[in-house]
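Have a look at model-v9.txt; it's compact mmCIF, C-alpha atoms:
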# COMPACT_ATOMS: atom_id res chain seq x y z
CA THR D 1 -2.37 -0.74 18.59
CA GLN D 2 -4.43 0.60 15.74
CA LEU D 3 -5.61 -2.25 13.52
CA LEU D 4 -7.79 -2.44 10.47
CA GLU D 5 -9.44 -5.84 10.08
CA GLN D 6 -10.62 -6.77 6.61
CA SER D 7 -13.08 -9.52 5.85
CA PRO D 8 -13.35 -11.85 4.17
CA GLN D 9 -9.68 -12.63 3.48
CA PHE D 10 -10.54 -14.46 0.27
CA LEU D 11 -13.56 -14.36 -2.01
CA SER D 12 -14.10 -16.44 -5.14
CA ILE D 13 -17.26 -15.71 -7.13
CA GLN D 14 -18.77 -16.03 -10.60
CA GLU D 15 -19.10 -13.15 -13.02
CA GLY D 16 -22.33 -11.22 -12.44
CA GLU D 17 -22.55 -11.85 -8.70
CA ASN D 18 -22.65 -9.08 -6.10
CA LEU D 19 -20.29 -8.89 -3.15
CA THR D 20 -19.40 -6.80 -0.13
CA VAL D 21 -16.08 -6.57 1.68
CA TYR D 22 -15.60 -5.00 5.07
CA CYS D 23 -12.99 -2.97 6.88
CA ASN D 24 -13.38 -2.62 10.66
CA SER D 25 -11.47 -0.99 13.48
CA SER D 26 -11.86 0.10 17.08
CA SER D 27 -10.10 3.35 16.17
CA VAL D 28 -11.65 6.49 14.72
CA PHE D 29 -10.16 7.62 11.43
CA SER D 30 -10.24 11.10 9.93
CA SER D 31 -10.36 9.51 6.49
CA LEU D 32 -10.31 6.08 4.94
CA GLN D 33 -9.11 4.94 1.55
CA TRP D 34 -9.68 1.91 -0.63
CA TYR D 35 -7.01 0.59 -3.01
CA ARG D 36 -6.92 -2.21 -5.57
CA GLN D 37 -3.68 -4.07 -6.16
CA GLU D 38 -3.21 -6.37 -9.14
CA PRO D 39 -0.55 -9.10 -9.23
CA GLY D 40 2.91 -7.70 -9.85
CA GLU D 41 1.80 -4.12 -9.32
CA GLY D 42 1.52 -1.59 -6.52
CA PRO D 43 -1.78 -0.50 -4.95
CA VAL D 44 -3.86 2.04 -6.87
CA LEU D 45 -6.15 4.42 -4.99
CA LEU D 46 -9.85 3.94 -5.77
CA VAL D 47 -11.52 6.36 -3.37
CA THR D 48 -11.13 8.39 -0.17
CA VAL D 49 -14.04 8.83 2.24
CA VAL D 50 -13.91 11.54 4.86
CA THR D 51 -17.32 12.19 6.40
CA GLY D 52 -19.13 9.73 8.71
CA GLY D 53 -21.96 8.07 6.77
CA GLU D 54 -20.52 9.16 3.43
CA VAL D 55 -21.32 7.04 0.37
CA LYS D 56 -19.30 7.26 -2.83
CA LYS D 57 -19.90 5.44 -6.08
CA LEU D 58 -17.37 4.55 -8.75
CA LYS D 59 -19.25 2.84 -11.60
CA ARG D 60 -20.23 -0.57 -10.12
CA LEU D 61 -18.35 0.02 -6.85
CA THR D 62 -20.07 1.61 -3.84
CA PHE D 63 -18.02 2.71 -0.84
CA GLN D 64 -19.48 3.60 2.54
CA PHE D 65 -17.84 5.14 5.60
CA GLY D 66 -19.45 4.22 8.93
CA ASP D 67 -21.24 6.90 10.93
CA ALA D 68 -18.63 6.67 13.70
CA ARG D 69 -15.76 6.67 11.17
CA LYS D 70 -14.45 3.33 12.49
CA ASP D 71 -15.49 1.08 9.62
CA SER D 72 -16.11 0.99 5.92
CA SER D 73 -17.53 -1.29 3.27
CA LEU D 74 -17.03 -1.80 -0.45
CA HIS D 75 -19.89 -3.26 -2.46
CA ILE D 76 -19.41 -4.45 -6.04
CA THR D 77 -22.46 -4.99 -8.23
CA ALA D 78 -22.36 -7.50 -11.09
CA ALA D 79 -18.69 -8.35 -10.64
CA GLN D 80 -16.51 -8.71 -13.73
CA PRO D 81 -13.26 -10.69 -14.19
CA GLY D 82 -11.49 -7.33 -14.42
CA ASP D 83 -12.44 -6.70 -10.77
CA THR D 84 -10.07 -9.49 -9.71
CA GLY D 85 -7.37 -8.28 -7.36
CA LEU D 86 -6.42 -7.49 -3.78
CA TYR D 87 -8.61 -4.82 -2.17
CA LEU D 88 -6.93 -2.86 0.61
CA CYS D 89 -8.39 -0.36 3.02
CA ALA D 90 -6.20 2.21 4.73
CA GLY D 91 -7.05 4.67 7.47
CA SER D 92 -5.56 8.00 8.41
CA ILE D 93 -5.53 9.10 12.04
CA SER D 94 -4.01 12.52 11.49
CA GLY D 95 -5.85 13.48 8.34
CA GLY D 96 -2.87 13.27 6.05
CA TYR D 97 -1.49 10.46 3.95
CA ASN D 98 1.93 10.30 5.58
CA LYS D 99 1.11 7.59 8.15
CA LEU D 100 -1.60 5.37 6.76
CA ILE D 101 -2.66 2.21 8.60
CA PHE D 102 -3.42 -0.57 6.15
CA GLY D 103 -5.57 -3.67 6.45
CA ALA D 104 -4.25 -7.03 5.22
CA GLY D 105 -6.64 -7.01 2.28
CA THR D 106 -9.38 -9.06 0.67
CA ARG D 107 -8.28 -11.14 -2.29
CA LEU D 108 -11.09 -11.30 -4.86
CA ALA D 109 -11.25 -13.71 -7.79
CA VAL D 110 -14.07 -13.29 -10.30
CA HIS D 111 -14.44 -16.24 -12.67
CA PRO D 112 -16.00 -15.97 -16.16
CA GLU V 1 2.21 3.80 -15.71
CA THR V 2 2.02 5.48 -12.33
CA GLY V 3 5.13 7.62 -12.74
CA VAL V 4 6.95 5.75 -9.97
CA THR V 5 9.58 3.31 -11.23
CA GLN V 6 11.25 0.70 -9.07
CA THR V 7 14.26 -1.44 -9.93
CA PRO V 8 14.98 -4.26 -9.85
CA ARG V 9 11.54 -5.92 -10.08
CA HIS V 10 12.90 -9.13 -8.54
CA LEU V 11 15.94 -9.72 -6.33
CA VAL V 12 17.35 -12.86 -4.75
CA MET V 13 20.14 -12.38 -2.24
CA GLY V 14 22.03 -14.32 0.36
CA MET V 15 22.16 -13.24 3.97
CA THR V 16 25.71 -11.92 3.62
CA ASN V 17 25.09 -9.90 0.45
CA LYS V 18 24.75 -6.14 0.12
CA LYS V 19 22.23 -4.86 -2.41
CA SER V 20 20.24 -1.69 -3.09
CA LEU V 21 16.69 -1.05 -4.24
CA LYS V 22 16.06 2.02 -6.35
CA CYS V 23 12.96 4.17 -6.76
CA GLU V 24 12.48 7.11 -9.11
CA GLN V 25 9.40 9.31 -9.43
CA HIS V 26 8.58 11.47 -12.43
CA LEU V 27 5.60 13.27 -10.88
CA GLY V 28 7.28 16.28 -9.30
CA HIS V 29 6.32 15.10 -5.81
CA ASN V 30 8.09 16.23 -2.64
CA ALA V 31 7.53 13.18 -0.42
CA MET V 32 8.72 9.59 -0.88
CA TYR V 33 8.00 6.43 1.11
CA TRP V 34 9.19 2.86 1.58
CA TYR V 35 6.60 0.22 2.50
CA LYS V 36 7.03 -3.50 3.16
CA GLN V 37 4.30 -5.93 2.04
CA SER V 38 4.54 -9.48 3.43
CA ALA V 39 2.14 -12.24 2.50
CA LYS V 40 -1.18 -12.00 4.37
CA LYS V 41 0.04 -9.01 6.40
CA PRO V 42 -0.86 -5.32 6.16
CA LEU V 43 1.46 -2.96 4.37
CA GLU V 44 4.00 -1.66 6.87
CA LEU V 45 5.33 1.87 6.57
CA MET V 46 9.13 1.84 6.88
CA PHE V 47 10.43 5.31 6.05
CA VAL V 48 9.10 8.71 4.95
CA TYR V 49 11.10 11.50 3.34
CA ASN V 50 9.74 15.03 2.93
CA PHE V 51 11.88 17.36 0.81
CA LYS V 52 14.77 14.85 1.07
CA GLU V 53 14.64 14.86 4.89
CA GLN V 54 13.68 11.71 6.75
CA THR V 55 10.58 12.41 8.83
CA GLU V 56 9.58 8.88 9.76
CA ASN V 57 11.51 5.74 10.71
CA ASN V 58 9.01 3.16 11.86
CA SER V 59 11.40 1.21 14.12
CA VAL V 60 13.05 -0.40 11.12
CA PRO V 61 16.15 -2.57 11.81
CA SER V 62 19.46 -0.97 10.89
CA ARG V 63 20.12 -3.63 8.23
CA PHE V 64 17.77 -1.47 6.12
CA SER V 65 19.36 1.89 5.30
CA PRO V 66 17.41 4.45 3.24
CA GLU V 67 18.94 7.22 1.18
CA CYS V 68 17.17 10.13 -0.51
CA PRO V 69 19.66 12.22 -2.53
CA ASN V 70 16.93 14.41 -4.06
CA SER V 71 13.15 14.61 -4.22
CA SER V 72 13.00 12.30 -7.25
CA HIS V 73 15.14 9.41 -6.07
CA LEU V 74 14.95 7.05 -3.12
CA PHE V 75 17.16 4.08 -2.34
CA LEU V 76 16.95 1.27 0.19
CA HIS V 77 20.34 -0.25 0.97
CA LEU V 78 20.21 -3.81 2.26
CA HIS V 79 22.87 -5.73 4.18
CA THR V 80 22.96 -8.90 6.27
CA LEU V 81 19.26 -9.50 5.79
CA GLN V 82 17.32 -12.39 7.29
CA PRO V 83 14.96 -14.81 5.50
CA GLU V 84 12.00 -13.15 7.25
CA ASP V 85 12.86 -9.94 5.38
CA SER V 86 11.65 -11.59 2.17
CA ALA V 87 8.72 -9.49 0.97
CA LEU V 88 7.50 -7.04 -1.66
CA TYR V 89 9.11 -3.64 -1.06
CA LEU V 90 6.96 -0.81 -2.37
CA CYS V 91 8.02 2.75 -3.00
CA ALA V 92 5.46 5.55 -3.13
CA SER V 93 5.51 9.28 -3.72
CA SER V 94 3.12 12.16 -3.12
CA GLN V 95 2.81 15.85 -2.64
CA ILE V 96 3.04 16.28 1.14
CA GLY V 97 -0.41 15.66 2.62
CA GLU V 98 -1.88 14.32 -0.61
CA LYS V 99 -2.59 10.88 -2.05
CA LEU V 100 0.08 8.28 -2.63
CA PHE V 101 1.23 6.88 -5.95
CA PHE V 102 2.88 3.48 -5.64
CA GLY V 103 5.51 1.82 -7.79
CA SER V 104 5.23 -1.82 -8.86
CA GLY V 105 7.55 -2.98 -6.12
CA THR V 106 10.67 -5.12 -5.79
CA GLN V 107 9.98 -8.75 -4.86
CA LEU V 108 12.85 -9.66 -2.54
CA SER V 109 13.84 -13.20 -1.59
CA VAL V 110 16.52 -13.70 1.08
CA LEU V 111 18.07 -17.16 1.08

Can you dump the structure from the file as structure tokens?
Amino acid sequence: TQLLEQSPQFLSIQEGENLTVYCNSSSVFSSLQWYRQEPGEGPVLLVTVVTGGEVKKLKRLTFQFGDARKDSSLHITAAQPGDTGLYLCAGSISGGYNKLIFGAGTRLAVHP
Amino acid sequence: ETGVTQTPRHLVMGMTNKKSLKCEQHLGHNAMYWYKQSAKKPLELMFVYNFKEQTENNSVPSRFSPECPNSSHLFLHLHTLQPEDSALYLCASSQIGEKLFFGSGTQLSVL
């Protein structure tokens, strides 16, 4: 069974704090994606990482793919209330997007 | 606006009812998907359609019946559901092999 474990499950922080969420597996993925899902909406793709050790930045968000392509992290610097949401990681075994394996998500609340 | 529209947004049904969920995409994509999202569980892929042909059925019970009449429309017909089927049902579309665009989902409650 291919599983993606996300941690922590819940995170409640104050505006301006930094945080890191993790996505771990025993399986090797050809690519890994991060999504953010806001209440009442579907997930929205933030980034795709493909190469082991790859680091991508999206404004205050930094995504890293592990060297062995089994894990990933998302670091947010100086969190804002607008960062509140459910962060999901999803891995692709085959390289395409047809059969993604999702983690259960990290629910982030950033308080003013 | 993601270009993927799902209706209804909320649905409450009894176990003996028959209902349908509808998904429409305005992005010119050729693949459509149904996912189930239960509380505290990972998204589960249910069905995949490429060019209107079903290419994936992830061991979904027969009380869920998908229909894809064309590349822009996807339905999920529901009958004799169980309370444990209560969840957010998400539709997504893509060009085959490319990134997914999700709709806002239908929040289903089975009483």

Counting all atoms listed in the file, chain D residues within 6 Å of chain V, as a PyMOL selection string: chain D and resi 41-42+96-97+102-104

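Note that atom CA of V:Met13 and atom CA of D:Gln37 are 25.5 Å apart.
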
Original post:
Can you tell me, as a list in words, what residues are no more than 9 Å from D:Gln14 when counting all atoms listed in the file, ignoring any on the same chain fewer than 6 positions away?
Top reply: Ala79, Gln80, Pro81, Ala109, Val110, His111 and Pro112 of chain D

**Asked** Suppose you want the space between atom CA of D:Ser7 and atom CA of D:Tyr22; what is it in Å?
**Response**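 Separation of atom CA of D:Ser7 and atom CA of D:Tyr22: 5.2 Å.
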
Within 7 Å of V:Arg63 using only C-alpha atoms, minus same-chain residues under 6 positions, as a ChimeraX atom specification
/V:78-81

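Here atom CA of D:Gln9 is placed at a distance of 10.5 Å from atom CA of D:Leu88.
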
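The environment of V:Lys19 within 12 Å, counting all atoms listed in the file and disregarding residues fewer than 3 places along the same chain, consists of Thr7, Pro8, His10, Leu11, Val12, Met13, Gly14, Met15, Thr16, Lys22, Arg63, Phe64, Ser65, Pro66, Phe75, Leu76, His77, Leu78, His79, Thr80, Leu81, Leu108, Ser109 and Val110 of chain V.
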
Output of the above residues as a PDB file, in the coordinates of the input, restricted to C-alpha atoms:
ATOM      1  CA  THR V   7      14.260  -1.440  -9.930  1.00  0.00           C
ATOM      2  CA  PRO V   8      14.980  -4.260  -9.850  1.00  0.00           C
ATOM      3  CA  HIS V  10      12.900  -9.130  -8.540  1.00  0.00           C
ATOM      4  CA  LEU V  11      15.940  -9.720  -6.330  1.00  0.00           C
ATOM      5  CA  VAL V  12      17.350 -12.860  -4.750  1.00  0.00           C
ATOM      6  CA  MET V  13      20.140 -12.380  -2.240  1.00  0.00           C
ATOM      7  CA  GLY V  14      22.030 -14.320   0.360  1.00  0.00           C
ATOM      8  CA  MET V  15      22.160 -13.240   3.970  1.00  0.00           C
ATOM      9  CA  THR V  16      25.710 -11.920   3.620  1.00  0.00           C
ATOM     10  CA  LYS V  22      16.060   2.020  -6.350  1.00  0.00           C
ATOM     11  CA  ARG V  63      20.120  -3.630   8.230  1.00  0.00           C
ATOM     12  CA  PHE V  64      17.770  -1.470   6.120  1.00  0.00           C
ATOM     13  CA  SER V  65      19.360   1.890   5.300  1.00  0.00           C
ATOM     14  CA  PRO V  66      17.410   4.450   3.240  1.00  0.00           C
ATOM     15  CA  PHE V  75      17.160   4.080  -2.340  1.00  0.00           C
ATOM     16  CA  LEU V  76      16.950   1.270   0.190  1.00  0.00           C
ATOM     17  CA  HIS V  77      20.340  -0.250   0.970  1.00  0.00           C
ATOM     18  CA  LEU V  78      20.210  -3.810   2.260  1.00  0.00           C
ATOM     19  CA  HIS V  79      22.870  -5.730   4.180  1.00  0.00           C
ATOM     20  CA  THR V  80      22.960  -8.900   6.270  1.00  0.00           C
ATOM     21  CA  LEU V  81      19.260  -9.500   5.790  1.00  0.00           C
ATOM     22  CA  LEU V 108      12.850  -9.660  -2.540  1.00  0.00           C
ATOM     23  CA  SER V 109      13.840 -13.200  -1.590  1.00  0.00           C
ATOM     24  CA  VAL V 110      16.520 -13.700   1.080  1.00  0.00           C
TER      25      VAL V 110
END

Problem set entry | Neighbour list for D:Glu5 as a VMD selection string, cut-off 7 Å, only C-alpha atoms, skip fewer than 3 positions in-chain | chain D and resid 23 to 25 103

**Message:** Could you check the closest approach to D:Val28 for each of D:Gly40, D:Gly85, D:Gly16, D:Gly91 and tell me which residue wins, using only C-alpha atoms?
**Reply:**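 Of D:Gly40, D:Gly85, D:Gly16, D:Gly91, the one nearest D:Val28, counting only C-alpha atoms, is D:Gly91.
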
For this session: Check the smallest atom-to-atom distance from each of V:Ser93, V:Pro69, V:Phe51, V:Ser62 to V:Tyr35 using all atoms listed in the file, then report the winner.
Result: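 The closest residue to V:Tyr35 is V:Ser93.
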
_Env of stretch 59-69 of chain D: 10 Å cut, atoms = all atoms listed in the file, seq-sep filter 5 positions within chain, self excluded. Answer as a ChimeraX atom specification._
/D:18-34,46-54,74-80,83,91

Kindly compute an axis-aligned box around the listed atoms of stretch 70-86 of chain V, allowing 4 Å on each side, and express its centre and edge lengths in Å to one decimal as lines of an AutoDock Vina configuration file.
center_x = 17.3
center_y = -0.1
center_z = 0.0
size_x = 19.3
size_y = 37.4
size_z = 22.5
